[in-house]
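J.: Starting off with a structure, shown below.
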Protein chains: 4
Amino acid sequence: MSGSTFGSIFRITTWGESHGPGIGVVIDGCPAGVPVSENDIQNYLDRRKPGQSKYTTKRNESDSVEILSGVFEGKTTGTPISLLVRNQDQRSRDYGSIASMFRPGHADYPFTEKYGFRDYRGGGRSSGRETIGRVAGGAVASLLLKELGIRVMAYTKSIGPFTVSEKDYHMSEIFENPLYMPENTVAEQAGEYIASLMAEKDSCGGVIECIAEGLPAGLGEPVFDKLDALLAHAVMSIGSVKGVEIGDGFAAASSRGSVNNDPFYAQNGVIHKQTNHSGGTLGGMSDGSRLVLRAAVKPTASIARTQQTVNTAGENTEIEVLGRHDPVIVPRAVVVVEAMTALTLADLLLRNMSAQLDHVKKIYTPVPEV
Amino acid sequence: MSGSTFGSIFRITTWGESHGPGIGVVIDGCPAGVPVSENDIQNYLDRRKPGQSKYTTKRNESDSVEILSGVFEGKTTGTPISLLVRNQDQRSRDYGSIASMFRPGHADYPFTEKYGFRDYRGGGRSSGRETIGRVAGGAVASLLLKELGIRVMAYTKSIGPFTVSEKDYHMSEIFENPLYMPENTVAEQAGEYIASLMAEKDSCGGVIECIAEGLPAGLGEPVFDKLDALLAHAVMSIGSVKGVEIGDGFAAASSRGSVNNDPFYAQNGVIHKQTNHSGGTLGGMSDGSRLVLRAAVKPTASIARTQQTVNTAGENTEIEVLGRHDPVIVPRAVVVVEAMTALTLADLLLRNMSAQLDHVKKIYTPVPEV
Amino acid sequence: MSGSTFGSIFRITTWGESHGPGIGVVIDGCPAGVPVSENDIQNYLDRRKPGQSKYTTKRNESDSVEILSGVFEGKTTGTPISLLVRNQDQRSRDYGSIASMFRPGHADYPFTEKYGFRDYRGGGRSSGRETIGRVAGGAVASLLLKELGIRVMAYTKSIGPFTVSEKDYHMSEIFENPLYMPENTVAEQAGEYIASLMAEKDSCGGVIECIAEGLPAGLGEPVFDKLDALLAHAVMSIGSVKGVEIGDGFAAASSRGSVNNDPFYAQNGVIHKQTNHSGGTLGGMSDGSRLVLRAAVKPTASIARTQQTVNTAGENTEIEVLGRHDPVIVPRAVVVVEAMTALTLADLLLRNMSAQLDHVKKIYTPVPEV
Amino acid sequence: MSGSTFGSIFRITTWGESHGPGIGVVIDGCPAGVPVSENDIQNYLDRRKPGQSKYTTKRNESDSVEILSGVFEGKTTGTPISLLVRNQDQRSRDYGSIASMFRPGHADYPFTEKYGFRDYRGGGRSSGRETIGRVAGGAVASLLLKELGIRVMAYTKSIGPFTVSEKDYHMSEIFENPLYMPENTVAEQAGEYIASLMAEKDSCGGVIECIAEGLPAGLGEPVFDKLDALLAHAVMSIGSVKGVEIGDGFAAASSRGSVNNDPFYAQNGVIHKQTNHSGGTLGGMSDGSRLVLRAAVKPTASIARTQQTVNTAGENTEIEVLGRHDPVIVPRAVVVVEAMTALTLADLLLRNMSAQLDHVKKIYTPVPEV
């Protein structure tokens with residue numbers, strides 16, 4: 001109810017603050033028998049680790065994960081998987097000056113209103129470090145999906161005004177540039193743009209796209225827990241995300257039915273769609289096509305420029321948010337979007353198992369009456 | 001788990017198919033003492049009822065609601081409120097021809113894959129009539145919000161390419177045109193556009209905007225159940241919605257921190273924001289400003305034009321979706337977006353009650369130890 | 001959260017008061033393809049219907065069920081199944097005299113404290129009629145279990161001091177006497193005892209036992225949602241039940257490990273237990289033996305004798321609870337215990353489906369990477 | 001869904017195995033502002049720690065707790081509280097001989113059936129060490145209850161056949177004997193009984209009673225989540241508990257309405273009951289009287305005597321469960337029952353906050369319409 005848990009069957013519960021002893025996640029409901037190692041999870045965490053490029057905060061964290069339970073002889077046991085990452089570079093002195101002010105664009109003010117006070121040593125629970133638990137959980141979800149032949153991949157579609165059009169996608173270039181864009185030239189231009197913003201003590205946002213392939217048709221529940229709805233929930237729950245769309249998304253609103261409908265056709269007994277304006281969902285369920293979603297990420301709220309604000313005594317004042325901040329969080333948020341998508345899909349796959357009596361009978365061979 | 005329930009404390013469970021005996025909703029968790037009448041709920045249902053204008057289906061339904069439980073002497077009792085709307089104009093003969101084909105843009109194909117078969121008499125559970133339960137539930141949520149001084153209002157921002165800019169909003173005009181747009185002239189142009197599409201056996205979509213005023217700061221849970229995330233879940237769970245954004249939404253992705261951050265200021269001891277790019281949320285919690293969200297609605301999938309598709313035997317074929325369909329569902333979906341927003345806010349208000357020990361003590365005066 | 005929903009995957013939400021228009025249940029999460037008819041459900045409801053024998057209230061209700069959704073051509077569709085039973089014999093005048101007093105042994109006083117007021121026309125939501133929704137839901141759960149070769153059966157073990165020992169059980173006699181006891185002679189003695197209590201304006205309770213056969217081993221979740229724990233929750237949630245035990249239950253507390261442990265043995269490759277002190281569960285999971293549970297039912301609280309109490313103005317007074325009341329509710333509660341057991345087992349069977357990766361792979365044949 | 005989470009608003013998620021790196025719990029939904037220290041929690045853990053008396057296992061564990069998140073300057077912050085206890089004395093060699101056999105009375109067999117394999121190094125997730133997370137969580141719940149003037153206390157009512165009658169209770173003696181019985185003489189006799197069982201390589205069980213005082217009337221939800229039902233769920237989820245009763249419990253089944261009903265009376269404007277056969281609940285809600293529940297604990301399954309069993313190859317064999325085992329787990333389970341009761345009450349207190357509109361308005365002063 002306090003919202004630190006995500007998922008119904010495959011579910012994660014995250015905990016931890018930016019300046020406490022550590023950050024972690026408990027994964028419950030992962031089927032027994034999935035191969036998982038600390039190294040597998042570390043690979044995902046390294047993609048969001050700070051200090052990877054000149055565009056990310058210099059906060060010094062190794063973000064090393066320890067598996068505390070739920071894995072035995074290299075496989076999940078079906079019991080809760082507890083993962084721990086100790087905080088190292090807490091340096092709370094950096095944050096002292098902001099303890100008594102509400103930073104614009106941050107959670108400080110509503111957090112104080114909600115709880116009566118706040119841990120003033122940094123973002124606390126609203127820090128980006130909270131996403132460590134999500135990524136660690138998403139790594140395990142991805143390992144389960146892999147066993148079922150499902151692949152999830154996120155990348156940066158745009159940084160500020162610099163966008164890669166779908167026709168220019170070179171997926172192989174995603175890991176060749178520090179912004180995780182599928183086109184190196186645009187990435188270079190975006191990099192220069194970020195550098196200029198840093199010089200101006202400013203920041204920018206961008207758009208992250210995520211695709212999933214290999215999904216069977218029928219995932220997602222037809223009413224409130226549509227595939228679209230749970231993905232929107234998952235992705236919009238990432239700090240700084242202010243918009244989510246599936247397939248053509250907002251562009252569909254100005255299209256026509258004759259264009260936006262994707263005609264079906266059959267080939268060798270398999271049903272396909274001629275186009276994929278729907279982004280892989282129909283009626284809130286996967287339709288067998290590639291899943292496509294996009295998340296709009298707002299500009300980093302922490303900027304060193306002078307901003308007007310109010311202090312905790314309710315007086316008007318000015319603030320400069322110093323310290324080690326990313327001028328754009330998009331590159332580090334890519335793996336978070338991928339993780340949240342993987343978690344959503346893993347959960348819906350397990351939820352869908354009992355949709356048909358025939359599937360139930362595949363697991364339980366009825367015992368004949370004696 | 002099958003996703004017919006929405007909400008945690010204030011929760012609704014909907015049921016019913018387009019061609020069954022009726023549609024309904026059970027509302028559980030509404031506090032005792034809220035004034036509710038059948039007439040109050042009917043007013044909301046009438047806003048989504050078919051046949052209200054030339055732009056909506058001619059299906060003949062009175063959509064009269066009956067309160068079956070949970071209300072006594074005009075007030076909620078704290079027990080589940082069961083609401084029933086009988087279907088009248090079922091005319092299943094209209095749908096016979098589509099029983100054996102998968103309609104493009106519809107749930108038919110994934111529904112069959114998920115459950116092994118489907119109720120072929122119409123949209124079934126995926127029909128727009130399913131939203132009756134949402135609107136009835138949202139009506140009760142709105143009555144609760146009203147008691148707390150909170151107002152929610154949705155309207156049509158755009159129809160196809162016809163958009164009303166925020167600077168042109170005349171809120172008083174929303175109920176003056178059949179499209180519920182906040183500007184009558186644009187509504188008239190949009191109406192002509194819809195008429196031309198009808199002549200071409202085509203359809204269009206649009207954008208619905210919803211605002212909420214009077215919210216205290218601090219609603220929403222800081223991690224997975226952010227106000228933004230639950231609103232995205234709620235609104236994206238409405239059939240045909242393919243995108244959701246809060247505040248500046250996708251536009252924020254190409255903005256700068258120095259522009260997108262909303263500076264705080266204090267006036268007469270109250271904290272305000274100079275701008276509202278955030279759309280009323282910070283860190284996933286309400287920030288005391290007006291809540292602003294938008295939903296992108298895709299064009300109606302049912303069009304009378306010939307479309308390519310596949311039948312249930314897996315053969316390529318053609319289909320014309322005849323029958324009584326809205327050329328654009330946006331006007332009727334306005335109240336559905338409003339309902340889902342109201343449900344989300346009602347639930348988060350109740351969830352937030354226990355955030356502080358001081359609030360808990362307001363309800364339970366500690367009994368002194370004997 | 002208001003507790004009108006039971007179950008995680010196979011879940012029911014009940015609604016309705018004794019003196020409102022009706023009582024009902026929404027079943028969500030039942031797999032598609034289970035054969036269900038109104039007649040099937042009615043058979044279960046008839047077992048708890050009033051007026052079946054001289055030991056039950058004369059309230060005149062046909063308790064006819066209507067299926068409002070979720071069943072198509074005789075099979076469940078996977079969508080919510082809404083069931084409605086209209087109240088007929090409401091006779092609220094009977095209850096007028098108790099509107100202003102708190103009946104001893106009833107929910108009146110805490111209900112008023114909880115909600116601020118109550119529907120004073122009878123038991124309201126706390127009436128035994130609330131169990132109609134449970135029994136209707138349990139009927140559908142039982143039909144699912146039957147498809148999997150699982151049989152659940154409840155009966156009366158004792159009425160007041162009259163108990164049938166396990167060695168005297170004649171299961172075939174259960175439906176031969178109005179008390180549903182597995183031994184007709186004891187049932188006759190118990191019947192005379194009830195008659196004598198009726199003459200004294202008094203009432204009694206009893207013990208209901210429920211068994212389930214055909215369960216695979218491994219149902220139940222090892223920590224908080226043990227099979228034992230969910231059964232205890234389910235059965236203790238029935239009004240008037242004040243105790244629950246599994247297997248030897250309270251008798252185990254005074255036994256010894258060397259006696260209470262059930263030794264395993266293998267026969268023809270199948271693992272059995274030599275005894276069943278555990279009542280079919282080990283470590284909170286089914287162990288492949290017969291499940292055995294018992295519920296202690298308190299004496300009917302409504303008695304016509306003069307009792308001391310307090311009125312809603314807080315003054316001491318006396319009350320005689322007149323009207324049509326069962327001198328013992330045990331016989332009518334038998335099917336309720338059976339229903340709650342069936343609901344619990346159906347839910348745990350579906351929850352258990354995703355415990356192993358091998359089971360997940362049985363449903364989703366991995367798509368080979370392209 | 002995998003059942004490692006308990007509670008709705010105040011909820012705990014536990015993790016950890018007996019032979020992994022550690023055991024822990026995440027507490028989510030605790031209101032901000034509750035004073036909590038590691039010392040407070042340690043006091044509860046020390047009550048279940050092994051090696052406290054001659055009747056408990058000699059496994060050498062300090063069970064020292066570390067607070068990893070959610071507490072700042074001595075108070076809860078409203079965010080998840082993560083607690084970690086490292087395992088020290090893992091000595092997995094002790095358990096090697098039982099890796100290939102199913103121990104009678106243990107979870108080994110159904111665990112293997114459920115998950116396909118098991119962590120054979122000990123009880124794994126089904127070990128009694130799992131209760132460390134419950135006790136740590138219950139400690140925090142108890143600290144919240146204390147702030148509201150509510151006291152929960154558990155003690156041993158019986159060991160094997162040795163029972164303390166209510167008329168002989170001396171609450172001050174509970175902490176004077178190693179069995180936590182409210183009468184030292186009976187405790188001494190019970191101690192001798194345990195010693196004789198140890199000599200015979202046998203074990204015994206007992207009954208734990210738990211009371212709560214200071215509860216307001218109206219806690220508990222009237223249908224499925226009755227106070228009785230959630231307590232039964234909570235307590236029956238503790239390993240080895242096979243029965244639960246509230247108030248007179250099973251004795252009520254053979255009583256009469258005229259005896260079992262507790263008459264109300266008013267004194268100085270406060271409503272009381274003349275007796276408390278109900279154990280503090282009516283209609284599933286607290287009635288303002290003392291809450292009384294009892295749990296039946298089976299004899300310890302691990303006994304050194306030779307027992308017949310089956311190995312993992314499905315062959316008949318014999319087993320002697322050597323190692324360090326409690327001859328009776330009752331004394332160490334006392335604090336676990338107390339913890340589960342406290343967790344249930346804390347959750348129901350928070351759930352009950354929104355039962356009345358008047359209570360909601362106490363938290364949210366309506367904002368007047370502008």
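A note on labels: chains of the structure tokens are A, B, ... as shown, every chain counts residues from 1, and ligands are counted from 1 in their shown order.
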For the contact check between chain B and chain C, emit one row per residue of chain B within 8 Å, containing the shortest atom pair and the distance in Å rounded to one decimal, counting only C-alpha atoms, chain then rising number order, as a tab-separated table.
T.:
```
residue	atom	partner	partner_atom	distance
B:Met1	CA	C:Ile9	CA	5.1
B:Ser2	CA	C:Gly29	CA	5.0
B:Ser4	CA	C:Asp28	CA	6.9
B:Ser8	CA	C:Met1	CA	6.4
B:Ile9	CA	C:Met1	CA	5.0
B:Phe10	CA	C:Met1	CA	7.9
B:Thr13	CA	C:Thr13	CA	7.9
B:Thr14	CA	C:Pro80	CA	7.8
B:Trp15	CA	C:Pro80	CA	5.4
B:Gly16	CA	C:Ser69	CA	5.1
B:Glu17	CA	C:Ser69	CA	6.5
B:Gly20	CA	C:Ser69	CA	6.0
B:Pro21	CA	C:Leu68	CA	5.4
B:Gly22	CA	C:Leu68	CA	6.2
B:Ile23	CA	C:Leu68	CA	7.9
B:Val26	CA	C:Trp15	CA	7.4
B:Asp28	CA	C:Ser2	CA	6.2
B:Gly29	CA	C:Ser2	CA	5.0
B:Pro31	CA	C:Tyr115	CA	7.9
B:Ala32	CA	C:Tyr115	CA	5.7
B:Gly33	CA	C:Tyr115	CA	8.0
B:Leu68	CA	C:Pro21	CA	5.4
B:Ser69	CA	C:Gly16	CA	5.1
B:Gly70	CA	C:Gly16	CA	7.1
B:Phe72	CA	C:Asp119	CA	6.4
B:Thr77	CA	C:Arg118	CA	6.8
B:Gly78	CA	C:Tyr115	CA	6.4
B:Thr79	CA	C:Arg125	CA	7.0
B:Pro80	CA	C:Trp15	CA	5.4
B:Ile81	CA	C:Trp15	CA	7.1
B:Ser82	CA	C:Trp15	CA	6.6
B:Tyr115	CA	C:Ala32	CA	5.7
B:Gly116	CA	C:Ala32	CA	7.5
B:Phe117	CA	C:Thr77	CA	7.7
B:Arg118	CA	C:Thr77	CA	6.8
B:Asp119	CA	C:Phe72	CA	6.4
B:Arg125	CA	C:Thr79	CA	7.0
```
J.: For the residues in the current selection, export N, CA and C atoms as a JSON list (two decimals), in the first residue's frame.
T.:
```json
[["chain", "number", "residue", "atom", "x", "y", "z"],
["B", 1, "MET", "N", -6.19, -10.43, -9.76],
["B", 1, "MET", "CA", -5.15, -10.92, -10.66],
["B", 1, "MET", "C", -5.61, -10.94, -12.12],
["B", 2, "SER", "N", -6.92, -11.19, -12.31],
["B", 2, "SER", "CA", -7.43, -11.15, -13.68],
["B", 2, "SER", "C", -7.75, -9.73, -14.07],
["B", 4, "SER", "N", -9.87, -7.33, -13.02],
["B", 4, "SER", "CA", -11.17, -6.65, -13.05],
["B", 4, "SER", "C", -11.37, -5.76, -11.84],
["B", 8, "SER", "N", -6.76, 0.22, -4.30],
["B", 8, "SER", "CA", -6.28, -0.53, -3.14],
["B", 8, "SER", "C", -7.24, -0.43, -1.97],
["B", 9, "ILE", "N", -7.58, 0.78, -1.56],
["B", 9, "ILE", "CA", -8.53, 0.94, -0.45],
["B", 9, "ILE", "C", -9.90, 1.25, -1.05],
["B", 10, "PHE", "N", -10.00, 2.33, -1.79],
["B", 10, "PHE", "CA", -11.22, 2.60, -2.56],
["B", 10, "PHE", "C", -11.06, 1.82, -3.85],
["B", 13, "THR", "N", -14.61, -3.31, -8.64],
["B", 13, "THR", "CA", -14.52, -4.54, -9.41],
["B", 13, "THR", "C", -15.65, -4.49, -10.43],
["B", 14, "THR", "N", -15.30, -4.52, -11.71],
["B", 14, "THR", "CA", -16.35, -4.42, -12.73],
["B", 14, "THR", "C", -16.58, -5.79, -13.37],
["B", 15, "TRP", "N", -17.74, -5.94, -13.98],
["B", 15, "TRP", "CA", -18.10, -7.20, -14.64],
["B", 15, "TRP", "C", -19.08, -6.87, -15.76],
["B", 16, "GLY", "N", -19.23, -7.81, -16.67],
["B", 16, "GLY", "CA", -20.27, -7.66, -17.69],
["B", 16, "GLY", "C", -19.75, -7.56, -19.11],
["B", 17, "GLU", "N", -20.56, -8.09, -20.02],
["B", 17, "GLU", "CA", -20.23, -8.09, -21.44],
["B", 17, "GLU", "C", -21.28, -7.31, -22.21],
["B", 20, "GLY", "N", -24.37, -9.67, -22.76],
["B", 20, "GLY", "CA", -24.92, -10.45, -21.66],
["B", 20, "GLY", "C", -26.10, -9.71, -21.06],
["B", 21, "PRO", "N", -26.60, -10.20, -19.93],
["B", 21, "PRO", "CA", -27.76, -9.56, -19.29],
["B", 21, "PRO", "C", -27.49, -8.15, -18.78],
["B", 22, "GLY", "N", -26.26, -7.85, -18.44],
["B", 22, "GLY", "CA", -26.01, -6.51, -17.91],
["B", 22, "GLY", "C", -24.56, -6.25, -17.62],
["B", 23, "ILE", "N", -24.32, -5.09, -17.06],
["B", 23, "ILE", "CA", -22.98, -4.60, -16.74],
["B", 23, "ILE", "C", -23.06, -4.07, -15.32],
["B", 26, "VAL", "N", -18.87, -3.35, -8.39],
["B", 26, "VAL", "CA", -18.93, -3.39, -6.93],
["B", 26, "VAL", "C", -17.85, -2.45, -6.41],
["B", 28, "ASP", "N", -15.87, -1.21, -3.23],
["B", 28, "ASP", "CA", -15.59, -1.58, -1.85],
["B", 28, "ASP", "C", -14.60, -0.57, -1.27],
["B", 29, "GLY", "N", -14.77, -0.22, -0.02],
["B", 29, "GLY", "CA", -13.83, 0.67, 0.63],
["B", 29, "GLY", "C", -14.23, 2.13, 0.62],
["B", 31, "PRO", "N", -15.74, 5.16, 2.30],
["B", 31, "PRO", "CA", -16.06, 5.45, 3.70],
["B", 31, "PRO", "C", -17.57, 5.57, 3.91],
["B", 32, "ALA", "N", -18.03, 5.23, 5.11],
["B", 32, "ALA", "CA", -19.44, 5.39, 5.46],
["B", 32, "ALA", "C", -19.76, 6.87, 5.61],
["B", 33, "GLY", "N", -20.97, 7.24, 5.16],
["B", 33, "GLY", "CA", -21.43, 8.60, 5.39],
["B", 33, "GLY", "C", -21.40, 9.51, 4.18],
["B", 68, "LEU", "N", -27.85, -1.80, -5.61],
["B", 68, "LEU", "CA", -28.28, -3.07, -5.01],
["B", 68, "LEU", "C", -27.84, -3.23, -3.57],
["B", 69, "SER", "N", -26.86, -2.44, -3.13],
["B", 69, "SER", "CA", -26.37, -2.59, -1.75],
["B", 69, "SER", "C", -25.49, -1.42, -1.37],
["B", 70, "GLY", "N", -25.22, -1.28, -0.08],
["B", 70, "GLY", "CA", -24.20, -0.36, 0.40],
["B", 70, "GLY", "C", -24.65, 1.06, 0.63],
["B", 72, "PHE", "N", -27.78, 3.36, 2.48],
["B", 72, "PHE", "CA", -28.93, 3.27, 3.38],
["B", 72, "PHE", "C", -29.35, 4.69, 3.75],
["B", 77, "THR", "N", -22.82, 3.10, 3.54],
["B", 77, "THR", "CA", -22.76, 2.48, 4.87],
["B", 77, "THR", "C", -21.37, 1.96, 5.21],
["B", 78, "GLY", "N", -20.43, 2.04, 4.26],
["B", 78, "GLY", "CA", -19.11, 1.47, 4.48],
["B", 78, "GLY", "C", -18.99, 0.05, 3.92],
["B", 79, "THR", "N", -20.11, -0.54, 3.53],
["B", 79, "THR", "CA", -20.10, -1.89, 2.96],
["B", 79, "THR", "C", -20.14, -1.78, 1.44],
["B", 80, "PRO", "N", -19.90, -2.88, 0.71],
["B", 80, "PRO", "CA", -19.78, -2.78, -0.75],
["B", 80, "PRO", "C", -21.05, -2.22, -1.42],
["B", 81, "ILE", "N", -20.81, -1.32, -2.35],
["B", 81, "ILE", "CA", -21.89, -0.72, -3.13],
["B", 81, "ILE", "C", -21.96, -1.45, -4.46],
["B", 82, "SER", "N", -23.06, -2.17, -4.68],
["B", 82, "SER", "CA", -23.21, -2.92, -5.93],
["B", 82, "SER", "C", -24.16, -2.17, -6.85],
["B", 115, "TYR", "N", -7.72, -17.07, -24.11],
["B", 115, "TYR", "CA", -8.71, -17.89, -23.42],
["B", 115, "TYR", "C", -9.09, -19.16, -24.17],
["B", 116, "GLY", "N", -8.65, -19.31, -25.41],
["B", 116, "GLY", "CA", -8.96, -20.51, -26.17],
["B", 116, "GLY", "C", -10.21, -20.37, -27.03],
["B", 117, "PHE", "N", -11.05, -19.42, -26.67],
["B", 117, "PHE", "CA", -12.25, -19.12, -27.46],
["B", 117, "PHE", "C", -12.75, -17.77, -26.99],
["B", 118, "ARG", "N", -13.77, -17.22, -27.68],
["B", 118, "ARG", "CA", -14.31, -15.96, -27.20],
["B", 118, "ARG", "C", -15.81, -15.90, -27.44],
["B", 119, "ASP", "N", -16.46, -15.07, -26.66],
["B", 119, "ASP", "CA", -17.87, -14.75, -26.86],
["B", 119, "ASP", "C", -17.93, -13.93, -28.15],
["B", 125, "ARG", "N", -16.30, -8.65, -23.29],
["B", 125, "ARG", "CA", -15.71, -7.94, -22.17],
["B", 125, "ARG", "C", -14.86, -6.76, -22.66]]
```
J.: I'd like the contact shell of Ala339 in chain C - 12 Å cut-off, only C-alpha atoms, skipping same-chain residues fewer than 5 positions apart - returned as JSON, numbers by chain.
T.: {"C": [6, 12, 41, 44, 45, 47, 48, 131, 132, 133, 134, 135, 136, 137, 138, 139, 140, 141, 142, 143, 145, 151, 152, 153, 154, 210, 211, 212, 231, 234, 235, 238, 332, 333, 334, 344, 345, 346]}
J.: Please write the residues from the selection above to a file, keeping C-alpha atoms, as a compact mmCIF listing (two decimals), in the first residue's frame.
T.:
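Below is the file that was written, selection_7.txt:
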```txt
# COMPACT_ATOMS: atom_id res chain seq x y z
CA PHE C 6 -11.17 -13.30 -0.94
CA ILE C 12 -14.48 -13.55 -5.14
CA ILE C 41 -24.78 -23.23 -8.55
CA TYR C 44 -25.09 -25.52 -3.64
CA LEU C 45 -27.32 -22.61 -2.63
CA ARG C 47 -28.01 -26.62 0.82
CA ARG C 48 -27.90 -23.37 2.83
CA THR C 131 -22.76 -16.30 2.95
CA ILE C 132 -24.91 -16.71 -0.18
CA GLY C 133 -22.15 -15.04 -2.16
CA ARG C 134 -19.56 -17.37 -0.64
CA VAL C 135 -21.56 -20.48 -1.46
CA ALA C 136 -22.24 -19.36 -5.02
CA GLY C 137 -18.54 -18.62 -5.47
CA GLY C 138 -17.60 -21.88 -3.84
CA ALA C 139 -19.87 -23.75 -6.24
CA VAL C 140 -17.88 -22.43 -9.18
CA ALA C 141 -14.60 -23.24 -7.41
CA SER C 142 -15.87 -26.78 -6.80
CA LEU C 143 -16.70 -27.18 -10.49
CA LEU C 145 -11.74 -28.62 -8.72
CA ARG C 151 -13.34 -33.53 -4.19
CA VAL C 152 -14.24 -31.40 -1.15
CA MET C 153 -16.87 -32.46 1.38
CA ALA C 154 -18.00 -30.98 4.68
CA CYS C 210 -14.26 -30.74 6.00
CA ILE C 211 -12.11 -33.08 3.95
CA ALA C 212 -10.54 -32.80 0.51
CA LEU C 231 -7.75 -22.35 5.28
CA ALA C 234 -11.11 -18.71 5.01
CA VAL C 235 -13.02 -20.68 7.62
CA ILE C 238 -17.39 -17.27 8.46
CA ARG C 332 -26.65 -24.50 7.14
CA ALA C 333 -22.99 -23.54 7.70
CA VAL C 334 -21.75 -26.94 6.48
CA THR C 344 -8.99 -21.64 -0.96
CA LEU C 345 -7.90 -24.76 -2.81
CA ALA C 346 -8.86 -23.40 -6.23
```
J.: Would you list, as a PyMOL selection string, the residues of range 97-186 of chain D that end up in helix (DSSP H, G or I) under DSSP run on this structure's backbone?
T.: chain D and resi 97-98+108-115+124-126+128-147+166-168+171-176+184-186
J.: Among range 149-262 of chain B, which residues carry a DSSP assignment of strand (DSSP E or B), reported as a list of chain:residue names?
T.: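 The residues of range 149-262 of chain B classed as strand (DSSP E or B) are B:Arg151, B:Val152, B:Met153, B:Ala154, B:Tyr155, B:Thr156, B:Lys157, B:Ser158, B:Ile159, B:Phe162, B:Thr163, B:Cys204, B:Gly206, B:Val207, B:Ile208, B:Glu209, B:Cys210, B:Ile211, B:Ala212, B:Glu213, B:Val241, B:Lys242, B:Gly243, B:Val244, B:Glu245, B:Ile246, B:Arg256.
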